[in-house]
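Take a look at the structure below.
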There are 2 protein chains.
Amino acid sequence: MSPAQARERFRTGERVPTAGWCQGWTQANLIAVPKRLRYELLLFAHRNPQACPVLDIGEPGAWSTELFGGDLRTDLPGYRLYRGGEAVADLDDVVAEWREDLVPFLIGCSFTFERALLNAGVPVRHLESGTNVPMYVTSVPCRSTGSLSGPLVVSMRPIPGELVRTAIEVSGRYPLVHGAPVHIGDPAAIGVDDLARPDYGDPVEVRTGEVPVFWACGVTPQAAVLASGIDFAIGHLPGHMAIMDVRDDDYLEP
Amino acid sequence: MSPAQARERFRTGERVPTAGWCQGWTQANLIAVPKRLRYELLLFAHRNPQACPVLDIGEPGAWSTELFGGDLRTDLPGYRLYRGGEAVADLDDVVAEWREDLVPFLIGCSFTFERALLNAGVPVRHLESGTNVPMYVTSVPCRSTGSLSGPLVVSMRPIPGELVRTAIEVSGRYPLVHGAPVHIGDPAAIGVDDLARPDYGDPVEVRTGEVPVFWACGVTPQAAVLASGIDFAIGHLPGHMAIMDVRDDDYLEP
């Protein structure tokens with residue numbers, strides 16, 4: 001399926017996590033903030049590049065970008081609306097909420113390297129189970145800016161012990177879509193108490209002989225919006241990504 | 001010599017290119033713009049990361065940053081003042097020109113990896129001759145933003161043919177201070193007509209058997225200020241860098 005075909009399905013109402021969709025095409029997190037916050041957000045991304053790799057930024061009020069040819073207000077399978085530092089609604093589209101001064105940022109997503117993991121023989125459990133990837137709010141603080149601070153959010157994939165090194169190597173070749181893992185093995189070390197209860201997405205089984213491997217996650221800016229009491233922002237529904245018009249191989253480091 | 005000692009000498013009047021100074025410590029380009037332009041500049045840097053790797057950014061009006069403990073108004077050996085898109089003065093200090101709304105950006109500099117080149121047996125001609133590095137305005141356009149556009153500026157080092165590969169490998173390990181070369185061998189291919197007449201800095205001899213190797217240069221934002229008619233900005237005098245309180249090894253990729 002092409003990105004345009006997938007986006008049409010989302011535009012016409014399908015609300016589904018996008019892991020495994022449009023294999024070979026880049027997926028991205030959305031965070032749109034009022035123009036007066038765009039410097040802060042870009043600075044926050046610059047200071048936290050592994051969690052917030054910026055792939056593209058739109059002009060104020062625009063609902064497409066150079067690398068995303070669809071309509072950012074309708075063509076993601078789900079949205080989350082923030083007001084006054086709280087998540088106030090999950091929506092199928094944000095046509096009514098999109099303001100003239102909103103600046104959309106598209107942030108890299110680790111779904112982008114999952115095809116490469118599979119090709120290298122590394123299983124991806126949430127693809128096997130057809131569910132959303134589990135994501136966790138950690139106790140690791142991001143580098144803050146004047147008005148944005150918050151915790152690192154991570155995604156988790158259980159990897160057979162003998163394949164952990166392969167998973168590190170393969171994902172490390174995609175630095176702009178989170179790259180190598182930020183933690184391996186001990187959830188408690190990063191403040192994750194219960195793998196069975198992710199903060200976003202769905203839990204997955206961790207089998208005997210498998211190690212939980214954590215990657216930085218592009219939901220991190222949404223956690224900062226929450227933690228910082230930002231008055232207005234629009235994000236994607238975690239796991240329900242923007243499917244872009246660039247190939248995952250475009251983010252493969254030469 | 002420590003960075004603090006070098007900065008004191010510059011503060012008390014020494015105007016000298018900083019190549020070879022404080023070996024082992026990171027050097028940086030300065031570009032300070034009014035607050036209303038800081039988003040545009042950060043976006044320009046984000047879109048041109050090889051030429052404009054941002055090492056640190058100060059708060060509006062601040063004259064030091066987290067990684068630069070000196071006084072940005074006095075502790076560089078030379079400054080260039082821009083008004084109305086023109087370079088209007090070269091100054092020993094900019095105390096009188098520093099405005100409350102100025103936001104200083106420190107951008108990586110290729111001087112930072114010259115020690116590593118020397119340690120790998122790669123000669124650096126401008127260090128041998130005790131002159132400033134030659135820099136050239138190329139015909140290669142940067143990726144623009146709404147209000148910033150301009151040409152890529154490069155520095156040039158003549159490298160013996162058999163050591164070009166080493167120079168690529170060594171500098172490539174320092175991606176945040178321009179990394180690997182952007183061009184090798186044919187000045188005309190990037191719009192450089194006469195190596196003997198650099199746009200900034202001093203010419204150096206290119207000997208038989210040597211190849212001109214070009215690295216992206218942190219003077220690029222100043223070229224954009226000129227090309228874009230920006231009404232006010234302060235830069236360093238090219239080659240007369242900010243010597244920071246971080247080590248060049250901090251920018252060595254693991």
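By convention in this document, the chains of the structure tokens carry letters A, B, ... by their order, each chain's residues are numbered from 1, and ligands are numbered from 1 in the order they are shown.
In this structure, the chain B residues at most 9 Å away from chain A are Arg38, Tyr39, Glu40, Leu42, Leu43, His46, Val54, Ile57, Glu59 and Gly146 of chain B, with only C-alpha atoms considered.
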Could you take the residues named above and write them with N, CA, C and O atoms, as an mmCIF file, in the first residue's frame?
data_model
loop_
_atom_site.group_PDB
_atom_site.id
_atom_site.type_symbol
_atom_site.label_atom_id
_atom_site.label_comp_id
_atom_site.auth_asym_id
_atom_site.auth_seq_id
_atom_site.Cartn_x
_atom_site.Cartn_y
_atom_site.Cartn_z
ATOM 1 N N ARG B 38 15.606 34.149 16.070
ATOM 2 C CA ARG B 38 16.283 32.950 16.585
ATOM 3 C C ARG B 38 15.670 31.658 16.051
ATOM 4 O O ARG B 38 16.376 30.682 15.841
ATOM 5 N N TYR B 39 14.342 31.647 15.853
ATOM 6 C CA TYR B 39 13.742 30.439 15.274
ATOM 7 C C TYR B 39 14.259 30.212 13.861
ATOM 8 O O TYR B 39 14.650 29.107 13.487
ATOM 9 N N GLU B 40 14.266 31.285 13.069
ATOM 10 C CA GLU B 40 14.759 31.169 11.687
ATOM 11 C C GLU B 40 16.199 30.662 11.663
ATOM 12 O O GLU B 40 16.562 29.824 10.845
ATOM 13 N N LEU B 42 17.798 28.910 14.023
ATOM 14 C CA LEU B 42 17.876 27.515 14.465
ATOM 15 C C LEU B 42 17.349 26.580 13.382
ATOM 16 O O LEU B 42 17.889 25.492 13.159
ATOM 17 N N LEU B 43 16.302 27.024 12.673
ATOM 18 C CA LEU B 43 15.769 26.221 11.570
ATOM 19 C C LEU B 43 16.788 26.131 10.428
ATOM 20 O O LEU B 43 17.010 25.053 9.854
ATOM 21 N N HIS B 46 19.297 23.728 11.483
ATOM 22 C CA HIS B 46 18.754 22.370 11.403
ATOM 23 C C HIS B 46 18.742 21.867 9.962
ATOM 24 O O HIS B 46 18.995 20.687 9.702
ATOM 25 N N VAL B 54 24.988 23.183 15.656
ATOM 26 C CA VAL B 54 24.812 24.035 16.834
ATOM 27 C C VAL B 54 25.376 23.331 18.067
ATOM 28 O O VAL B 54 24.923 22.248 18.434
ATOM 29 N N ILE B 57 23.479 27.413 22.629
ATOM 30 C CA ILE B 57 22.696 28.621 22.373
ATOM 31 C C ILE B 57 22.493 29.332 23.699
ATOM 32 O O ILE B 57 22.163 28.692 24.702
ATOM 33 N N GLU B 59 20.718 32.395 26.227
ATOM 34 C CA GLU B 59 19.443 33.072 26.441
ATOM 35 C C GLU B 59 19.513 34.476 25.833
ATOM 36 O O GLU B 59 20.611 35.011 25.650
ATOM 37 N N GLY B 146 12.309 30.769 5.573
ATOM 38 C CA GLY B 146 11.558 31.921 5.097
ATOM 39 C C GLY B 146 12.419 33.161 4.901
ATOM 40 O O GLY B 146 12.317 33.841 3.889
#
Requested in this report: Can you pull out every residue within 12 Å of A:His236, counting only C-alpha atoms, but drop anything in the same chain fewer than 2 positions away, and send it as an NGL selection string?
Outcome: :A and (15-18 or 27-32 or 72-82 or 87 or 89-94 or 104-107 or 109 or 200 or 218-222 or 233-234 or 238-243)
Query - For stretch 212-217 of chain B: contacts at 9 Å, only C-alpha atoms, fewer than 5 positions along chain excluded, given as a PyMOL selection string - result: chain B and resi 29+50-52+108-110+135-136+152-160+164+167+177-187+195+206
Query raised in the report: Which polymer residues have any atom within 10 Å of an atom of A:Gly121, counting only C-alpha atoms, with same-chain residues fewer than 3 positions away left out, as number ranges by chain?
Result: A: 115-118, 124, 163, 166-167
Query raised in the report: Got a sec: who's within 7 Å of A:Asp248, counting only C-alpha atoms, leaving out chain neighbours fewer than 3 positions off, as a list in words?
Result: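 Residues near the query, excluding close chain neighbours: Gly24, Trp25, Thr26, Thr112, Phe113, Tyr251 and Leu252 of chain A.
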Same residues, N, CA, C and O atoms, saved as a short mmCIF file (atom, residue, chain, number, x, y, z; two decimals), in the first residue's frame:
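The resulting file, result.cif, is reproduced below:
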data_model
loop_
_atom_site.label_atom_id
_atom_site.label_comp_id
_atom_site.auth_asym_id
_atom_site.auth_seq_id
_atom_site.Cartn_x
_atom_site.Cartn_y
_atom_site.Cartn_z
N GLY A 24 8.56 0.06 4.20
CA GLY A 24 9.47 0.73 3.30
C GLY A 24 9.30 2.23 3.28
O GLY A 24 10.14 2.94 2.74
N TRP A 25 8.20 2.71 3.88
CA TRP A 25 7.97 4.16 3.93
C TRP A 25 8.15 4.65 5.36
O TRP A 25 7.84 3.95 6.32
N THR A 26 8.59 5.88 5.47
CA THR A 26 8.91 6.47 6.77
C THR A 26 7.65 6.87 7.52
O THR A 26 6.73 7.45 6.94
N THR A 112 10.01 3.04 11.60
CA THR A 112 10.71 3.17 10.33
C THR A 112 11.81 2.12 10.15
O THR A 112 12.10 1.72 9.03
N PHE A 113 12.41 1.64 11.26
CA PHE A 113 13.48 0.64 11.08
C PHE A 113 13.01 -0.79 11.36
O PHE A 113 13.81 -1.72 11.38
N TYR A 251 16.66 7.30 5.44
CA TYR A 251 17.21 7.60 6.77
C TYR A 251 18.26 6.58 7.20
O TYR A 251 18.71 6.59 8.34
N LEU A 252 18.63 5.70 6.27
CA LEU A 252 19.72 4.76 6.51
C LEU A 252 21.03 5.51 6.36
O LEU A 252 21.29 6.13 5.33
#
Requested in this report: Would you return as number ranges by chain the members of stretch 27-251 of chain A that DSSP assigns to strand (DSSP E or B) on this structure's backbone?
Outcome: A: 27-34, 54-57, 65, 68, 79-83, 86-91, 102-108, 135-141, 151-160, 183-184, 200, 210-216, 232-236, 242-247
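Distances to A:Pro60 were evaluated for A:Arg99, A:Arg83, A:His126, A:Arg165 using only C-alpha atoms, and the minimum falls at A:Arg99.
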